[in-house]
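Read through the structure below, which is laid out as structure tokens, and then see the notes.
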Amino acid sequence: MVVNVGDVVLPGECLPEPRSNKGVVILGPGLRRSEDDSKGLTVSRAGVLCHKAPNMYWVEGHAKRYVPCKGDLVVGVVAKKSGDQFKIDIGSAEHASLSAFSFEGATKKQKPDLQVGDVVYAKLVTAHREMEPELVCVNKYFKAANLGPLSNQGFLLNLDSRLIVRLLDVQHPLLAVLAKTCAYEIAIGMNGKVFVMGRTSKDTMHVAEALLAAQHHDNVTT
Amino acid sequence: MEMDSNTDCSMPISNFGNLTRPDGSTIYSQGKSTVIAGVYGPIDVKPQKMLIDRGSVETFFRPKSGLPGVGDRLYETIIRNICETALVSTLYPRSGIQVVIQEMQSGGELISCSVNAACLALLDSGIDMKFLIAAATCCLDQEGYLIVDPTELQQEKAKATFVFVFESSEGRIVASHTTGTFKLEQYEQALDLCKKGSAKIFEYYRKVINGKYNKK
Amino acid sequence: MAKQYKSLHPIKYFRDYLAHDIRPDGRELTKYRPVIINANSVSTAEGSAIAKVGKTTVICGIKAELCQPKTETPTQGFLIPNLELPPLCSSKFKPGPPSDQAQVATKVIADIIENSGCINLQDLCISTEKLAWCLYADLVCLDHDGSIIDACLLALFTALKTVSLPKVEYNAELDSKNLQMDERTPFKLYNVPVSTTFAILDETVLMIDPTAEEENLCTGVVTIVIKDDELCSVLKPGGSPITEEKLVDCIKQSMERAKLLGKLIDTATQETNDEIDK
């Protein structure tokens with residue numbers, strides 16, 4: 001089966017002649033190079049085939065399970081503590097590791113006081129399928145830059161990855177509209193975990209409810 | 001020598017995402033059989049089951065009542081092997097993929113139903129696959145007629161039953177399971193009929209996936 | 001050098017051989033390993049046999065017990081096969097409860113017995129609802145080197161052919177049984193199904209009668225069971241997809257082999273029966 005850009009595609013279908021830039025084609029998720037070269041690309045996930053000029057292709061489907069990707073900002077829960085290492089549950093196949101020294105100003109004497117069950121906002125520095133993912137809570141200048149442990153007062157919820165992507169779009173109105181009615185802090189992780197903290201618990205619940213409702217109405221906005 | 005009976009009632013029905021915990025799930029009904037399938041993956045696996053070069057696939061088949069027996073083990077192994085063939089397991093090294101199938105109602109062609117449900121659940125989960133898979137059942141009655149999509153009663157009375165699983169890219173045979181005795185020609189005819197049957201299933205997959213992505 | 005190469009790149013090593021249409025053990029792709037069958041190997045069992053397919057060795061012993069038939073099937077006796085894959089036969093198996101592989105193989109064997117109609121369970125019934133024979137066919141694999149189902153079936157059916165059951169005088173009113181050990185009737189087999197296993201590599205290369213090493217490196221197996229001139233099972237439990245032509249080709253090859261194996265079983269049992277007659 002031969003498919004075109006914009007079609008709903010199924011695994012096993014082929015895109016025979018992808019547009020390349022000097023012989024280079026960039027493949028996103030859901031596409032593989034066919035074993036036999038004459039067939040071009042093979043689709044490996046169900047979804048909509050997308051193309052970005054000049055040579056980028058990917059399949060937009062929806063997977064619930066988060067697959068770690070280098071550079072993603074994620075929200076995770078401390079699952080285990082062993083010495084100077086934390087194991088963080090970020091919803092992927094394996095727990096990610098976070099060193100106690102990769103926090104702003106952390107030294108051998110002064111380490112962050114994290115307990116099992118605490119929530120952190122961190123950045124993935126290594127994400128390779130053969131290796132354990134690794135997190136840090138500092139930017140490249142060793143500053144916290146909003147990363148780090150999150151307050152115990154807030155609320156953690158799991159949202160659909162499609163809603164996450166849209167919330168991160170600056171033009172998406174939802175967060176701005178909510179800000180008009182109540183004051184809140186939000187940390188959105190690419191892994192689908194979202195941390196919300198309002199000024200009062202009522203505000204927190206308010207925002208959480210709104211986000212969960214937005215998930216069910218996700219077909220209206222795009 | 002073909003006889004096409006009850007084709008209408010055997011048009012499958014399915015629904016995605018009935019279960020909230022699995023990464024992909026489907027409730028699938030075909031003929032008079034219904035199963036619910038859930039896929040978890042990629043997930044953490046026990047060190048002794050971990051494979052360093054590819055993901056390990058595990059299948060659990062739960063019968064309607066009671067504990068799974070030796071017969072269910074055979075189904076599990078067949079479905080596991082089929083799923084492993086269909087998945088690009090090399091993309092998920094050191095992790096596991098679990099396929100759980102719960103029988104809800106059995107009215108003939110249960111293996112086909114389970115395989116098709118597993119395929120839909122895998123599609124829903126967004127795990128990379130090489131191709132789609134579709135199973136079809138057909139049985140040979142005492143007079144030597146071949147019946148496509150048999151009912152449970154027809155299956156019980158049959159001289160032989162055939163289950164074939166095909167892949168979508170080139171239509172090759174992924175799995176074959178038979179009961180009873182038959183001639184080579186009958187086997188070839190059954191293969192042919194099931195291939196036609198599997199084409200219908202592939203069409204159906206396309207329909208549901210189209211429906212799923214055009215909704216928004 | 002070859003040894004190091006083999007352990008570092010097992011698949012590549014294997015493919016280098018296959019590129020010349022020959023297998024690491026020197027066989028061509030369509031050549032099967034020698035088969036050896038010995039009937040009546042265990043004197044304490046009602047029937048027994050050892051089958052060797054290449055290095056794969058399976059011993060089968062059949063024990064008969066008297067029991068009551070099930071209420072659903074009051075006129076039938078039982079034949080219960082059970083395959084054991086002990087740690088002795090391969091490093092793949094660990095001690096403990098039967099592995100998945102053993103359970104699956106046992107089920108496959110039980111299915112073949114049922115599908116082929118090689119035995120009539122009613123022959124095992126002595127008195128309706130009251131008394132019947134229950135035959136336990138215990139298969140133990142001594143050396144696992146591929147094509148285990150083939151070896152099991154050979155051992156099982158050779159053993160079944162040697163079974164003779166003592167005559168039972170049963171009095172239903174008094175519920176008394178009297179076994180006459182001297183008056184034995186041979187157990188009747190209606191046909192003898194034999195199987196042939198193929199391994200598939202790269203969706204194109206087919207190897208008849210694979211060794212354990214080949215089975216491990218290959219991406220799928222097909223087991224075809226033939227009885228007389230009919231098929232009674234074509235089992236391909238997943239694995240690499242193959243085309244219809246290849247599958248039909250397998251069936252034809254196994255039909256050829258089935259004739260030879262059928263004769264072999266006959267000869268093996270004939271010889272032992274002759275010895276007993278003497």
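Scheme for the structure tokens: letters A, B, ... for chains in order shown; per-chain residue numbers from 1; ligand numbers from 1 in order shown.
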**OP:** Step one, run DSSP on the backbone; step two, keep only residues of region 6-193 of chain B assigned to alpha helix (DSSP H); then write them as a VMD selection string.
**Re:** chain B and resid 70 to 86 110 to 125 152 to 157 184 to 193
Original post:
What residues in region 104-164 of chain B get the DSSP label strand (DSSP E or B)? Please answer as a list in words.
Top reply: Met104, Gln105, Met129, Ile133, Ala134, Ala135, Ala136, Thr137, Cys138, Cys139, Leu140, Leu146, Ile147, Val148, Ala160, Thr161, Phe162, Val163 and Phe164 of chain B
Please save C-alpha atoms of the selected residues as a CSV table (one decimal), in the first residue's frame.
chain,number,residue,atom,x,y,z
B,104,MET,CA,-15.7,-12.4,27.5
B,105,GLN,CA,-17.8,-14.7,25.4
B,129,MET,CA,4.8,-2.6,14.3
B,133,ILE,CA,-1.9,-9.1,11.3
B,134,ALA,CA,-5.4,-10.6,10.8
B,135,ALA,CA,-6.6,-14.0,11.6
B,136,ALA,CA,-9.5,-15.9,9.9
B,137,THR,CA,-11.1,-19.2,10.7
B,138,CYS,CA,-12.7,-21.6,8.4
B,139,CYS,CA,-14.0,-25.2,8.8
B,140,LEU,CA,-14.5,-28.3,6.8
B,146,LEU,CA,-15.7,-25.3,3.6
B,147,ILE,CA,-17.5,-22.8,5.9
B,148,VAL,CA,-16.0,-19.4,6.5
B,160,ALA,CA,-11.5,-30.1,10.4
B,161,THR,CA,-11.0,-26.4,11.3
B,162,PHE,CA,-8.3,-24.1,10.1
B,163,VAL,CA,-7.0,-20.9,11.6
B,164,PHE,CA,-4.7,-18.7,9.5
Subject >> Interface, chain C side, toward chain B (10 Å; only C-alpha atoms) as a ChimeraX atom specification >> reply: /C:100-108,110-117,203,219-223,225-227,229-248,251-252
Using only C-alpha atoms and a cut-off of 7 Å, which residues of chain A sit close to chain B? Please list them as a PDB file with all heavy atoms, in the first residue's frame.
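Wrote out_10.pdb, looks like this:
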ATOM      1  N   VAL A   8      -4.405   8.989   6.754  1.00  0.00           N
ATOM      2  CA  VAL A   8      -4.340   8.167   7.957  1.00  0.00           C
ATOM      3  C   VAL A   8      -3.608   6.895   7.531  1.00  0.00           C
ATOM      4  O   VAL A   8      -4.004   6.236   6.581  1.00  0.00           O
ATOM      5  CB  VAL A   8      -5.744   7.842   8.489  1.00  0.00           C
ATOM      6  CG1 VAL A   8      -5.653   6.859   9.643  1.00  0.00           C
ATOM      7  CG2 VAL A   8      -6.447   9.101   8.938  1.00  0.00           C
ATOM      8  N   PRO A  11       0.524   0.590  10.091  1.00  0.00           N
ATOM      9  CA  PRO A  11       1.824  -0.072   9.987  1.00  0.00           C
ATOM     10  C   PRO A  11       1.913  -0.962   8.744  1.00  0.00           C
ATOM     11  O   PRO A  11       0.929  -1.598   8.376  1.00  0.00           O
ATOM     12  CB  PRO A  11       1.890  -0.907  11.258  1.00  0.00           C
ATOM     13  CG  PRO A  11       1.017  -0.229  12.218  1.00  0.00           C
ATOM     14  CD  PRO A  11      -0.070   0.397  11.419  1.00  0.00           C
ATOM     15  N   GLY A  12       3.086  -0.992   8.145  1.00  0.00           N
ATOM     16  CA  GLY A  12       3.305  -1.844   6.986  1.00  0.00           C
ATOM     17  C   GLY A  12       3.124  -1.119   5.671  1.00  0.00           C
ATOM     18  O   GLY A  12       3.511  -1.622   4.622  1.00  0.00           O
ATOM     19  N   GLU A  13       2.554   0.074   5.701  1.00  0.00           N
ATOM     20  CA  GLU A  13       2.362   0.808   4.457  1.00  0.00           C
ATOM     21  C   GLU A  13       3.641   1.555   4.093  1.00  0.00           C
ATOM     22  O   GLU A  13       4.482   1.821   4.943  1.00  0.00           O
ATOM     23  CB  GLU A  13       1.183   1.769   4.602  1.00  0.00           C
ATOM     24  CG  GLU A  13      -0.108   0.999   4.728  1.00  0.00           C
ATOM     25  CD  GLU A  13      -1.323   1.861   4.997  1.00  0.00           C
ATOM     26  OE1 GLU A  13      -1.175   2.964   5.525  1.00  0.00           O
ATOM     27  OE2 GLU A  13      -2.420   1.406   4.667  1.00  0.00           O
ATOM     28  N   GLY A  30       7.336   6.759  14.278  1.00  0.00           N
ATOM     29  CA  GLY A  30       6.357   6.058  13.447  1.00  0.00           C
ATOM     30  C   GLY A  30       6.804   5.759  12.037  1.00  0.00           C
ATOM     31  O   GLY A  30       6.036   5.233  11.245  1.00  0.00           O
ATOM     32  N   SER A  44       5.294   2.568  10.800  1.00  0.00           N
ATOM     33  CA  SER A  44       5.254   1.568  11.867  1.00  0.00           C
ATOM     34  C   SER A  44       4.232   1.896  12.953  1.00  0.00           C
ATOM     35  O   SER A  44       4.131   1.176  13.925  1.00  0.00           O
ATOM     36  CB  SER A  44       6.642   1.366  12.468  1.00  0.00           C
ATOM     37  OG  SER A  44       7.089   2.564  13.036  1.00  0.00           O
ATOM     38  N   ARG A  45       3.497   2.982  12.796  1.00  0.00           N
ATOM     39  CA  ARG A  45       2.464   3.303  13.786  1.00  0.00           C
ATOM     40  C   ARG A  45       1.235   3.818  13.066  1.00  0.00           C
ATOM     41  O   ARG A  45       1.348   4.387  11.980  1.00  0.00           O
ATOM     42  CB  ARG A  45       2.936   4.426  14.697  1.00  0.00           C
ATOM     43  CG  ARG A  45       3.821   3.959  15.800  1.00  0.00           C
ATOM     44  CD  ARG A  45       4.128   5.106  16.716  1.00  0.00           C
ATOM     45  NE  ARG A  45       5.380   4.829  17.386  1.00  0.00           N
ATOM     46  CZ  ARG A  45       5.970   5.662  18.213  1.00  0.00           C
ATOM     47  NH1 ARG A  45       5.425   6.837  18.459  1.00  0.00           N
ATOM     48  NH2 ARG A  45       7.099   5.342  18.782  1.00  0.00           N
ATOM     49  N   ALA A  46       0.095   3.660  13.709  1.00  0.00           N
ATOM     50  CA  ALA A  46      -1.125   4.203  13.130  1.00  0.00           C
ATOM     51  C   ALA A  46      -1.197   5.688  13.462  1.00  0.00           C
ATOM     52  O   ALA A  46      -0.810   6.109  14.544  1.00  0.00           O
ATOM     53  CB  ALA A  46      -2.330   3.484  13.705  1.00  0.00           C
ATOM     54  N   GLY A  47      -1.675   6.470  12.520  1.00  0.00           N
ATOM     55  CA  GLY A  47      -1.798   7.900  12.761  1.00  0.00           C
ATOM     56  C   GLY A  47      -1.869   8.664  11.458  1.00  0.00           C
ATOM     57  O   GLY A  47      -2.131   8.084  10.402  1.00  0.00           O
ATOM     58  N   GLY A  61       0.479  10.030  15.873  1.00  0.00           N
ATOM     59  CA  GLY A  61      -0.499   9.107  16.445  1.00  0.00           C
ATOM     60  C   GLY A  61      -0.661   9.470  17.885  1.00  0.00           C
ATOM     61  O   GLY A  61      -0.176  10.520  18.310  1.00  0.00           O
ATOM     62  N   HIS A  62      -1.310   8.631  18.668  1.00  0.00           N
ATOM     63  CA  HIS A  62      -1.184   8.914  20.087  1.00  0.00           C
ATOM     64  C   HIS A  62      -0.862   7.690  20.903  1.00  0.00           C
ATOM     65  O   HIS A  62      -1.553   6.702  20.894  1.00  0.00           O
ATOM     66  CB  HIS A  62      -2.361   9.665  20.691  1.00  0.00           C
ATOM     67  CG  HIS A  62      -3.634   9.502  19.971  1.00  0.00           C
ATOM     68  ND1 HIS A  62      -4.468   8.471  20.193  1.00  0.00           N
ATOM     69  CD2 HIS A  62      -4.192  10.265  19.003  1.00  0.00           C
ATOM     70  CE1 HIS A  62      -5.507   8.611  19.405  1.00  0.00           C
ATOM     71  NE2 HIS A  62      -5.379   9.667  18.676  1.00  0.00           N
ATOM     72  N   ALA A  63       0.277   7.813  21.568  1.00  0.00           N
ATOM     73  CA  ALA A  63       0.706   6.757  22.474  1.00  0.00           C
ATOM     74  C   ALA A  63       0.518   7.275  23.882  1.00  0.00           C
ATOM     75  O   ALA A  63       0.801   8.427  24.167  1.00  0.00           O
ATOM     76  CB  ALA A  63       2.162   6.434  22.211  1.00  0.00           C
ATOM     77  N   LYS A  64       0.026   6.425  24.754  1.00  0.00           N
ATOM     78  CA  LYS A  64      -0.173   6.841  26.136  1.00  0.00           C
ATOM     79  C   LYS A  64       1.137   6.788  26.892  1.00  0.00           C
ATOM     80  O   LYS A  64       1.410   7.599  27.739  1.00  0.00           O
ATOM     81  CB  LYS A  64      -1.149   5.864  26.806  1.00  0.00           C
ATOM     82  CG  LYS A  64      -2.570   6.364  26.880  1.00  0.00           C
ATOM     83  CD  LYS A  64      -3.289   5.443  27.835  1.00  0.00           C
ATOM     84  CE  LYS A  64      -4.768   5.623  27.841  1.00  0.00           C
ATOM     85  NZ  LYS A  64      -5.400   4.553  28.600  1.00  0.00           N
ATOM     86  N   ARG A  65       1.929   5.761  26.593  1.00  0.00           N
ATOM     87  CA  ARG A  65       3.175   5.541  27.324  1.00  0.00           C
ATOM     88  C   ARG A  65       4.217   6.553  26.873  1.00  0.00           C
ATOM     89  O   ARG A  65       4.401   6.780  25.685  1.00  0.00           O
ATOM     90  CB  ARG A  65       3.640   4.106  27.062  1.00  0.00           C
ATOM     91  CG  ARG A  65       4.929   3.710  27.676  1.00  0.00           C
ATOM     92  CD  ARG A  65       4.878   3.491  29.156  1.00  0.00           C
ATOM     93  NE  ARG A  65       3.842   2.556  29.581  1.00  0.00           N
ATOM     94  CZ  ARG A  65       3.701   2.147  30.838  1.00  0.00           C
ATOM     95  NH1 ARG A  65       4.526   2.577  31.769  1.00  0.00           N
ATOM     96  NH2 ARG A  65       2.746   1.324  31.152  1.00  0.00           N
ATOM     97  N   ALA A  93       9.284   3.311  30.652  1.00  0.00           N
ATOM     98  CA  ALA A  93       9.478   1.904  30.973  1.00  0.00           C
ATOM     99  C   ALA A  93      10.341   1.734  32.220  1.00  0.00           C
ATOM    100  O   ALA A  93      10.092   0.866  33.040  1.00  0.00           O
ATOM    101  CB  ALA A  93      10.104   1.190  29.788  1.00  0.00           C
ATOM    102  N   GLU A  94      11.336   2.572  32.331  1.00  0.00           N
ATOM    103  CA  GLU A  94      12.302   2.425  33.406  1.00  0.00           C
ATOM    104  C   GLU A  94      12.314   3.698  34.239  1.00  0.00           C
ATOM    105  O   GLU A  94      12.035   4.780  33.717  1.00  0.00           O
ATOM    106  CB  GLU A  94      13.677   2.260  32.759  1.00  0.00           C
ATOM    107  CG  GLU A  94      14.566   1.298  33.425  1.00  0.00           C
ATOM    108  CD  GLU A  94      15.857   1.160  32.632  1.00  0.00           C
ATOM    109  OE1 GLU A  94      15.909   1.527  31.449  1.00  0.00           O
ATOM    110  OE2 GLU A  94      16.818   0.702  33.216  1.00  0.00           O
ATOM    111  N   ARG A 129      17.474   4.358  24.252  1.00  0.00           N
ATOM    112  CA  ARG A 129      16.702   3.163  24.594  1.00  0.00           C
ATOM    113  C   ARG A 129      17.540   2.060  25.224  1.00  0.00           C
ATOM    114  O   ARG A 129      17.018   1.225  25.934  1.00  0.00           O
ATOM    115  CB  ARG A 129      15.923   2.655  23.398  1.00  0.00           C
ATOM    116  CG  ARG A 129      16.732   2.383  22.175  1.00  0.00           C
ATOM    117  CD  ARG A 129      15.873   1.667  21.148  1.00  0.00           C
ATOM    118  NE  ARG A 129      16.589   1.532  19.911  1.00  0.00           N
ATOM    119  CZ  ARG A 129      16.426   2.328  18.866  1.00  0.00           C
ATOM    120  NH1 ARG A 129      15.567   3.317  18.920  1.00  0.00           N
ATOM    121  NH2 ARG A 129      17.110   2.138  17.760  1.00  0.00           N
ATOM    122  N   GLU A 130      18.857   2.095  25.015  1.00  0.00           N
ATOM    123  CA  GLU A 130      19.698   1.053  25.603  1.00  0.00           C
ATOM    124  C   GLU A 130      20.088   1.386  27.050  1.00  0.00           C
ATOM    125  O   GLU A 130      20.679   0.577  27.733  1.00  0.00           O
ATOM    126  CB  GLU A 130      20.995   0.876  24.802  1.00  0.00           C
ATOM    127  CG  GLU A 130      20.845   0.945  23.304  1.00  0.00           C
ATOM    128  CD  GLU A 130      20.483  -0.383  22.698  1.00  0.00           C
ATOM    129  OE1 GLU A 130      20.498  -1.383  23.415  1.00  0.00           O
ATOM    130  OE2 GLU A 130      20.164  -0.411  21.491  1.00  0.00           O
ATOM    131  N   ASN A 219     -11.208  17.556  21.012  1.00  0.00           N
ATOM    132  CA  ASN A 219     -11.483  17.592  19.579  1.00  0.00           C
ATOM    133  C   ASN A 219     -11.973  18.952  19.106  1.00  0.00           C
ATOM    134  O   ASN A 219     -12.071  19.204  17.932  1.00  0.00           O
ATOM    135  CB  ASN A 219     -12.474  16.496  19.188  1.00  0.00           C
ATOM    136  CG  ASN A 219     -13.574  16.364  20.180  1.00  0.00           C
ATOM    137  OD1 ASN A 219     -13.634  17.134  21.143  1.00  0.00           O
ATOM    138  ND2 ASN A 219     -14.458  15.419  19.965  1.00  0.00           N
TER     139      ASN A 219
END
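Near Leu150 (chain A), within 10 Å and counting only C-alpha atoms, sit A:Val75, A:Gly76, A:Val77, A:Asp118, A:Val119, A:Val120, A:Tyr121, A:Asn146, A:Gly154, A:Ala187, A:Phe195, A:Val196, A:Met197, not including residues fewer than 4 positions from it in the same chain.
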I need the residues from that last selection saved to file as an mmCIF file, in the first residue's frame (with N, CA and C atoms), if you can.
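Once everything was written out, this is again_25.cif:
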data_model
loop_
_atom_site.group_PDB
_atom_site.id
_atom_site.type_symbol
_atom_site.label_atom_id
_atom_site.label_comp_id
_atom_site.auth_asym_id
_atom_site.auth_seq_id
_atom_site.Cartn_x
_atom_site.Cartn_y
_atom_site.Cartn_z
ATOM 1 N N VAL A 75 7.930 16.054 34.628
ATOM 2 C CA VAL A 75 7.568 16.062 36.038
ATOM 3 C C VAL A 75 7.628 14.610 36.501
ATOM 4 N N GLY A 76 8.310 14.352 37.590
ATOM 5 C CA GLY A 76 8.436 12.971 38.049
ATOM 6 C C GLY A 76 8.252 12.862 39.552
ATOM 7 N N VAL A 77 8.017 11.634 39.986
ATOM 8 C CA VAL A 77 7.816 11.375 41.403
ATOM 9 C C VAL A 77 8.998 10.544 41.902
ATOM 10 N N ASP A 118 7.956 12.663 46.767
ATOM 11 C CA ASP A 118 8.057 14.074 46.388
ATOM 12 C C ASP A 118 8.058 14.220 44.871
ATOM 13 N N VAL A 119 7.650 15.400 44.418
ATOM 14 C CA VAL A 119 7.554 15.644 42.982
ATOM 15 C C VAL A 119 8.669 16.603 42.567
ATOM 16 N N VAL A 120 9.319 16.292 41.432
ATOM 17 C CA VAL A 120 10.366 17.185 40.922
ATOM 18 C C VAL A 120 10.086 17.556 39.473
ATOM 19 N N TYR A 121 10.586 18.701 39.107
ATOM 20 C CA TYR A 121 10.506 19.154 37.723
ATOM 21 C C TYR A 121 11.934 19.123 37.214
ATOM 22 N N ASN A 146 13.866 27.413 37.425
ATOM 23 C CA ASN A 146 12.534 26.828 37.655
ATOM 24 C C ASN A 146 12.530 25.317 37.873
ATOM 25 N N GLY A 154 0.773 21.210 46.206
ATOM 26 C CA GLY A 154 0.083 21.171 44.905
ATOM 27 C C GLY A 154 -0.601 19.855 44.618
ATOM 28 N N ALA A 187 3.426 23.294 36.372
ATOM 29 C CA ALA A 187 4.618 22.708 35.754
ATOM 30 C C ALA A 187 4.129 21.610 34.826
ATOM 31 N N PHE A 195 1.860 19.316 37.209
ATOM 32 C CA PHE A 195 1.768 19.727 38.610
ATOM 33 C C PHE A 195 1.066 21.085 38.682
ATOM 34 N N VAL A 196 0.045 21.176 39.514
ATOM 35 C CA VAL A 196 -0.710 22.420 39.635
ATOM 36 C C VAL A 196 -0.717 22.840 41.096
ATOM 37 N N MET A 197 -0.503 24.146 41.352
ATOM 38 C CA MET A 197 -0.656 24.645 42.718
ATOM 39 C C MET A 197 -1.300 26.028 42.662
#
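Closest approach to Lys123 (chain A) among A:Lys111, A:Lys143, A:Gln85, A:Asp72: A:Asp72, based on only C-alpha atoms.
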**OP:** For region 46-63 of chain C, work out the shell of residues within 8 Å, counting only C-alpha atoms and skipping chain neighbours fewer than 2 positions away, then give it as an NGL selection string.
**Re:** :C and (33-44 or 65 or 135-148 or 150-152 or 154-156 or 158-165)
